Amino acid sequence: MKLLVCVSKTPETTTKIQLTADGTEIDTAGVQYIMNPYDEWYALVRALELKEAAGGTVTILNVGPADNDSVIRKGLAIGADDAVRIDVSEEKDSLYTARQIAEYAKSEQYDLLFFGKETISYNGSEVGAMVAEFLDLPYVGEASHLEIDGTKATVTRDIEGGEEVIEVQTPLAVSAAKGMAEQRIPNMRGIMMAKRKPLTVVAPVDYPDTTRIAEYEKPEEKGSVKLIDPDNMEELVRLLHEEAKVI
Amino acid sequence: MPETTTPPKKFTTKADFHHTARADRYQFHDYYLVDDLLEDHHRMARQAVRDWVKAEVSPIIEDAAMRGKCPTHLFRGLAEVGAFGPSLPVEYGGGGMDEIAYGVIMQELERCDSGLRSMASVQGSLVMYPIFKYASEEVKRKYLPKLGSGEFIGCFGLTEPDAGSDPGSMRTTIVDDGDAYLLNGAKMWITNSPIADLAVVWAKDEEGKVRGMVVDADAPGFSAPEIHGKWSLRASITGELVFENVRVPKGNVFPDIRGLRGPLSCLSKARYGIAWGAIGAALDCYDSALRYGLEREQFGKPIAGFQLQQKKLAEMITEITKAQLLAWRLGTLANRGEATPAQISMAKRNNVHMALEVAREARQIHGGMGITSEYPIMRHLMNLETVLTYEGTHDVHLLITGHDVTGLNAFG
């Protein structure tokens with residue numbers, strides 16, 4: 001089986017996000033980055049499990065700048081065979097990213113293309129579906145289980161109040177949700193082997209920007225809590241009416 | 001001879017420990033951007049160990065320490081993550097990494113608990129390293145892969161009841177008995193000994209020369225009673241080693257090393273790891289103190305806003321930063337094979353003492369909470385009291401520096 005896992009880079013989960021003065025960009029100074037957890041914990045690990053069971057190769061693909069190589073290397077340390085980075089230095093939107101992945105993947109004959117169900121940074125979740133569309137492949141989003149038997153894939157999705165089980169033929173694209181696999185921590189040998197695994201950098205294809213970030217806004221900071229004496233109901237009603245303006 | 005107590009059940013399981021509800025909120029602190037001096041694989045190794053610690057050890061460490069019960073099931077996890085002998089070659093069960101990688105791994109383990117780091121230090125630096133460095137090829141092939149995978153647990157027998165800072169006065173002996181040596185004597189303060197499958201033991205031969213050897217724990221006459229009643233390193237198991245006419249095959253004795261140079265080279269390796277490890281304990285105390293100081297309010301504002309508390313926090317991060325730079329520089333020297341034992345002594349002494357001072361100050365910032373198992377402070381503080389004197393006492397390391405700079409030996 002030939003498996004592709006598309007990964008993105010996100011700020012470490014405890015990062016306090018700061019914006020640049022004009023509010024159009026995230027201030028990246030001092031920000032630590034990790035591989036998007038849905039990509040790493042579920043998509044990549046399930047791909048590795050399938051490879052371990054049935055043989056094949058797992059390739060990691062990222063669209064981004066050279067800074068992303070450390071995140072890609074972690075995927076190689078966890079067990080992927082090789083990696084491809086499509087060399088794009090600026091932040092681009094989902095459509096651009098999906099086009100780059102599709103252009104690379106179209107000649108590679110992958111049996112399965114994995115994505116995380118969303119990025120925890122921008123809450124993006126479109127790239128997988130867009131790539132499937134460009135490649136004319138079936139797509140199953142937010143999959144919590146995935147089994148492969150020959151060319152038949154059985155994919156389970158959590159839906160409101162139950163599960164949906166889908167049968168579909170490979171090749172296909174799938175986005176991975178919690179439940180598909182369990183996080184693997186790379187060990188020291190894996191980390192050292194990752195240094196020697198191939199990481200190919202390819203140039204992007206020309207594709208126009210279709211969207212532009214006009215502005216980011218942070219949510220308003222939560223105000224302090226006012227405690228009202230339970231015997232002073234009149235004051236509570238007055239504050240709810242005059243300050244909170246909810247009654 | 002001391003009475004042999006019932007040996008503990010070899011391995012605990014996760015279920016033997018109570019999972020504390022407290023989340024591990026630790027965040028790394030790097031005031032001088034020392035990370036820029038590291039390579040990608042160092043940072044990745046550190047993160048891997050941190051992730052493993054947060055998932056597997058942090059939830060149970062307070063309970064393990066409180067009950068004085070060693071979480072022996074963690075040996076397998078330590079092996080899987082690659083914490084045993086990371087800088088030894090892969091074909092001998094190591095990780096093929098450099099000395100800085102070894103250092104950052106020890107730092108992350110001790111960030112959690114000095115006892116956890118001791119479990120790994122002993123296995124890697126005091127058991128695997130001497131076997132790799134001094135044993136015959138056959139002995140290396142027999143033991144090292146199983147030590148690296150955690151299938152075997154090892155311990156290191158140098159210190160004796162009457163030979164601590166002066167190991168040359170050891171009384172344990174070997175005498176020639178045909179195809180084997182007969183080993184007699186006793187060792188004291190031996191980390192991991194009650195659960196060990198084998199011990200690297202140092203004993204005097206008939207010429208009075210110190211020799212090293214691998215001794216199987218199931219050999220007749222070998223016993224390893226546990227030392228109870230420790231107020232420190234409570235999550236790590238410590239014991240004695242007692243040898244009564246233990247037959248040690250001649251092939252198990254290291255062929256080419258004589259004298260204290262052998263055990264001291266192992267101690268240099270372990271002390272190097274402690275120089276890094278102690279920074280981890282200090283970082284955990286600082287991290288907790290900083291957070292507590294910002295969250296705890298008195299007189300209407302966070303206590304971190306008061307000058308006396310700021311002085312503590314500012315001095316803590318200053319001293320931690322100096323220790324980080326000392327360790328990093330020692331690591332670059334070690335990678336070139338140029339770190340001298342005296343340089344390692346200086347770093348071990350400075351960084352452990354620094355960590356102990358940081359833990360004491362952190363205890364004050366936490367007030368009463370600092371003595372409870374809600375916070376890691378008192379556990380680190382008690383652990384570091386041991387780290388201050390094991391692997392060469394604070395005073396002995398000072399004399400090593402004194403000897404090195406003056407050329408005059410002030411020992412004895």
# chains A, B, ... in the order shown; residues from 1 in each chain; ligands from 1
$ select_by_dssp --residues "segment 9-211 of chain A" --states "strand (DSSP E or B)" --output "ChimeraX atom specification"
/A:9-11,19,26,33-35,57-64,82-87,112-116,139-149,152-159,162-169,172-176,199-202
$ interface_residues --of "chain B" --to "chain A" --cutoff "6 Å" --atoms "only C-alpha atoms" --output "PyMOL selection string"
chain B and resi 48+81-82+95
$ residues_around --residues "Phe254 of chain B" --least-positions-apart "4" --cutoff "12 Å" --atoms "only C-alpha atoms" --output "PDB file with C-alpha atoms, in the first residue's frame"
ATOM      1  CA  PRO B 130      31.118  -0.116  31.939  1.00  0.00           C
ATOM      2  CA  ILE B 131      29.997  -3.306  30.205  1.00  0.00           C
ATOM      3  CA  PHE B 132      30.290  -1.533  26.848  1.00  0.00           C
ATOM      4  CA  LYS B 133      33.615   0.023  27.737  1.00  0.00           C
ATOM      5  CA  TYR B 134      35.367  -2.772  29.641  1.00  0.00           C
ATOM      6  CA  ALA B 135      33.696  -6.165  29.172  1.00  0.00           C
ATOM      7  CA  SER B 136      34.638  -8.811  26.627  1.00  0.00           C
ATOM      8  CA  GLU B 137      32.722  -8.911  23.352  1.00  0.00           C
ATOM      9  CA  GLU B 138      30.883 -12.027  24.494  1.00  0.00           C
ATOM     10  CA  VAL B 139      29.715 -10.377  27.725  1.00  0.00           C
ATOM     11  CA  LYS B 140      28.663  -7.252  25.828  1.00  0.00           C
ATOM     12  CA  VAL B 200      28.379  -4.489  37.966  1.00  0.00           C
ATOM     13  CA  VAL B 201      30.560  -5.006  41.036  1.00  0.00           C
ATOM     14  CA  TRP B 202      33.967  -3.592  41.937  1.00  0.00           C
ATOM     15  CA  ALA B 203      36.155  -5.693  44.227  1.00  0.00           C
ATOM     16  CA  VAL B 210      40.283  -3.025  42.045  1.00  0.00           C
ATOM     17  CA  ARG B 211      38.600  -5.165  39.366  1.00  0.00           C
ATOM     18  CA  GLY B 212      35.169  -4.851  37.783  1.00  0.00           C
ATOM     19  CA  MET B 213      32.819  -7.710  36.914  1.00  0.00           C
ATOM     20  CA  VAL B 214      29.273  -8.625  35.963  1.00  0.00           C
ATOM     21  CA  VAL B 215      27.554 -10.716  38.638  1.00  0.00           C
ATOM     22  CA  VAL B 248      31.839 -15.241  39.206  1.00  0.00           C
ATOM     23  CA  PRO B 249      32.938 -16.845  35.905  1.00  0.00           C
ATOM     24  CA  LYS B 250      36.326 -15.479  34.876  1.00  0.00           C
ATOM     25  CA  ARG B 258      42.668  -2.260  36.974  1.00  0.00           C
ATOM     26  CA  GLY B 259      42.310   0.254  39.784  1.00  0.00           C
ATOM     27  CA  GLY B 262      37.401   1.912  35.991  1.00  0.00           C
ATOM     28  CA  PRO B 263      34.624   2.822  38.423  1.00  0.00           C
TER      29      PRO B 263
END
$ closest_residue --among "B:Lys14, B:Arg247, B:His73, B:His403" --to "Asp218 of chain B" --atoms "only C-alpha atoms"
B:Arg247
$ atom_distance --atom1 "atom CA of Lys218 of chain A" --atom2 "atom CA of Ile17 of chain A"
8.7 Å
$ residues_around --residues "Lys9 of chain A" --least-positions-apart "6" --cutoff "6 Å" --atoms "only C-alpha atoms" --output "JSON list (two decimals) with N, CA and C atoms, in the first residue's frame"
[["chain", "number", "residue", "atom", "x", "y", "z"],
["A", 34, "ILE", "N", 4.20, 22.68, 16.71],
["A", 34, "ILE", "CA", 4.10, 21.23, 16.75],
["A", 34, "ILE", "C", 3.38, 20.76, 15.49],
["A", 35, "MET", "N", 3.39, 19.46, 15.25],
["A", 35, "MET", "CA", 2.58, 18.92, 14.17],
["A", 35, "MET", "C", 1.13, 18.93, 14.64],
["A", 36, "ASN", "N", 0.22, 19.34, 13.76],
["A", 36, "ASN", "CA", -1.19, 19.37, 14.12],
["A", 36, "ASN", "C", -1.60, 18.02, 14.71]]
$ residues_around --residues "Pro171 of chain A" --least-positions-apart "4" --cutoff "8 Å" --atoms "only C-alpha atoms" --output "ChimeraX atom specification"
/A:110-113,137-138,151
$ select_by_dssp --residues "segment 87-197 of chain B" --states "helix (DSSP H, G or I)" --output "PyMOL selection string"
chain B and resi 90-92+99-112+114-134+137-148+167-169+193-195
$ residues_around --residues "Gly179 of chain A" --least-positions-apart "5" --cutoff "9 Å" --atoms "only C-alpha atoms" --output "MDAnalysis selection string"
chainID A and resid 42 143:145
$ atom_distance --atom1 "atom CA of Glu391 of chain B" --atom2 "atom CA of Trp231 of chain B"
18.1 Å
$ atom_distance --atom1 "atom CA of Gly229 of chain B" --atom2 "atom CA of Gln107 of chain B"
26.8 Å
$ residues_around --residues "Leu198 of chain B" --least-positions-apart "3" --cutoff "6 Å" --atoms "only C-alpha atoms" --output "ChimeraX atom specification"
/B:154,215-217
$ decode --residues "segment 234-272 of chain B" --atoms "N, CA and C atoms" --output "short mmCIF file (atom, residue, chain, number, x, y, z; two decimals), in the first residue's frame"
data_model
loop_
_atom_site.label_atom_id
_atom_site.label_comp_id
_atom_site.auth_asym_id
_atom_site.auth_seq_id
_atom_site.Cartn_x
_atom_site.Cartn_y
_atom_site.Cartn_z
N ARG B 234 12.14 8.46 47.22
CA ARG B 234 11.21 7.43 47.70
C ARG B 234 10.57 6.64 46.57
N ALA B 235 10.61 7.19 45.36
CA ALA B 235 10.05 6.44 44.22
C ALA B 235 11.11 5.55 43.56
N SER B 236 12.30 5.55 44.12
CA SER B 236 13.38 4.73 43.57
C SER B 236 13.74 3.69 44.62
N ILE B 237 14.06 2.49 44.16
CA ILE B 237 14.34 1.41 45.12
C ILE B 237 15.85 1.33 45.36
N THR B 238 16.23 1.20 46.63
CA THR B 238 17.64 1.18 47.04
C THR B 238 17.88 -0.03 47.92
N GLY B 239 19.05 -0.63 47.80
CA GLY B 239 19.32 -1.79 48.65
C GLY B 239 20.79 -1.98 48.93
N GLU B 240 21.07 -3.14 49.48
CA GLU B 240 22.45 -3.55 49.68
C GLU B 240 22.76 -4.63 48.64
N LEU B 241 24.01 -5.00 48.58
CA LEU B 241 24.41 -6.21 47.84
C LEU B 241 25.27 -7.02 48.83
N VAL B 242 24.92 -8.27 49.00
CA VAL B 242 25.69 -9.11 49.92
C VAL B 242 26.18 -10.33 49.15
N PHE B 243 27.49 -10.55 49.20
CA PHE B 243 28.09 -11.66 48.45
C PHE B 243 28.73 -12.65 49.44
N GLU B 244 28.25 -13.88 49.40
CA GLU B 244 28.84 -14.92 50.25
C GLU B 244 29.33 -16.04 49.35
N ASN B 245 30.62 -16.01 49.06
CA ASN B 245 31.22 -17.01 48.17
C ASN B 245 30.47 -17.13 46.84
N VAL B 246 30.18 -15.98 46.24
CA VAL B 246 29.50 -15.98 44.94
C VAL B 246 30.53 -16.34 43.86
N ARG B 247 30.22 -17.36 43.06
CA ARG B 247 31.15 -17.74 41.98
C ARG B 247 30.91 -16.86 40.77
N VAL B 248 31.93 -16.13 40.37
CA VAL B 248 31.84 -15.24 39.21
C VAL B 248 32.71 -15.83 38.10
N PRO B 249 32.12 -16.28 36.98
CA PRO B 249 32.94 -16.84 35.90
C PRO B 249 34.04 -15.86 35.48
N LYS B 250 35.19 -16.38 35.19
CA LYS B 250 36.33 -15.48 34.88
C LYS B 250 36.03 -14.59 33.67
N GLY B 251 35.23 -15.13 32.75
CA GLY B 251 34.88 -14.33 31.56
C GLY B 251 34.06 -13.10 31.90
N ASN B 252 33.42 -13.10 33.06
CA ASN B 252 32.59 -11.95 33.45
C ASN B 252 33.41 -10.81 34.06
N VAL B 253 34.68 -11.07 34.34
CA VAL B 253 35.53 -10.03 34.93
C VAL B 253 36.13 -9.20 33.79
N PHE B 254 36.08 -7.89 33.94
CA PHE B 254 36.59 -7.01 32.88
C PHE B 254 38.09 -7.26 32.72
N PRO B 255 38.53 -7.61 31.49
CA PRO B 255 39.89 -8.11 31.35
C PRO B 255 41.00 -7.06 31.52
N ASP B 256 40.77 -5.83 31.06
CA ASP B 256 41.92 -4.94 30.90
C ASP B 256 41.93 -3.72 31.80
N ILE B 257 41.02 -3.63 32.74
CA ILE B 257 41.00 -2.41 33.55
C ILE B 257 41.31 -2.77 35.01
N ARG B 258 42.26 -2.05 35.58
CA ARG B 258 42.67 -2.26 36.97
C ARG B 258 42.63 -0.92 37.70
N GLY B 259 42.25 -0.96 38.97
CA GLY B 259 42.31 0.25 39.78
C GLY B 259 41.01 1.04 39.73
N LEU B 260 41.03 2.20 40.43
CA LEU B 260 39.81 3.00 40.56
C LEU B 260 39.43 3.75 39.29
N ARG B 261 40.35 3.77 38.32
CA ARG B 261 40.06 4.43 37.05
C ARG B 261 38.79 3.88 36.42
N GLY B 262 38.58 2.55 36.57
CA GLY B 262 37.40 1.91 35.99
C GLY B 262 36.11 2.47 36.56
N PRO B 263 35.88 2.30 37.88
CA PRO B 263 34.62 2.82 38.42
C PRO B 263 34.51 4.34 38.31
N LEU B 264 35.62 5.06 38.42
CA LEU B 264 35.53 6.53 38.35
C LEU B 264 35.11 7.00 36.96
N SER B 265 35.50 6.25 35.92
CA SER B 265 35.07 6.65 34.58
C SER B 265 33.55 6.51 34.44
N CYS B 266 32.98 5.50 35.11
CA CYS B 266 31.52 5.34 35.09
C CYS B 266 30.87 6.47 35.85
N LEU B 267 31.47 6.83 36.98
CA LEU B 267 30.90 7.90 37.79
C LEU B 267 30.93 9.22 37.03
N SER B 268 31.99 9.45 36.25
CA SER B 268 32.04 10.67 35.45
C SER B 268 30.85 10.73 34.51
N LYS B 269 30.53 9.59 33.92
CA LYS B 269 29.41 9.51 32.99
C LYS B 269 28.09 9.83 33.72
N ALA B 270 27.93 9.25 34.89
CA ALA B 270 26.70 9.46 35.64
C ALA B 270 26.62 10.88 36.19
N ARG B 271 27.75 11.39 36.66
CA ARG B 271 27.76 12.76 37.20
C ARG B 271 27.44 13.76 36.10
N TYR B 272 27.92 13.48 34.91
CA TYR B 272 27.58 14.33 33.77
C TYR B 272 26.06 14.39 33.61
#
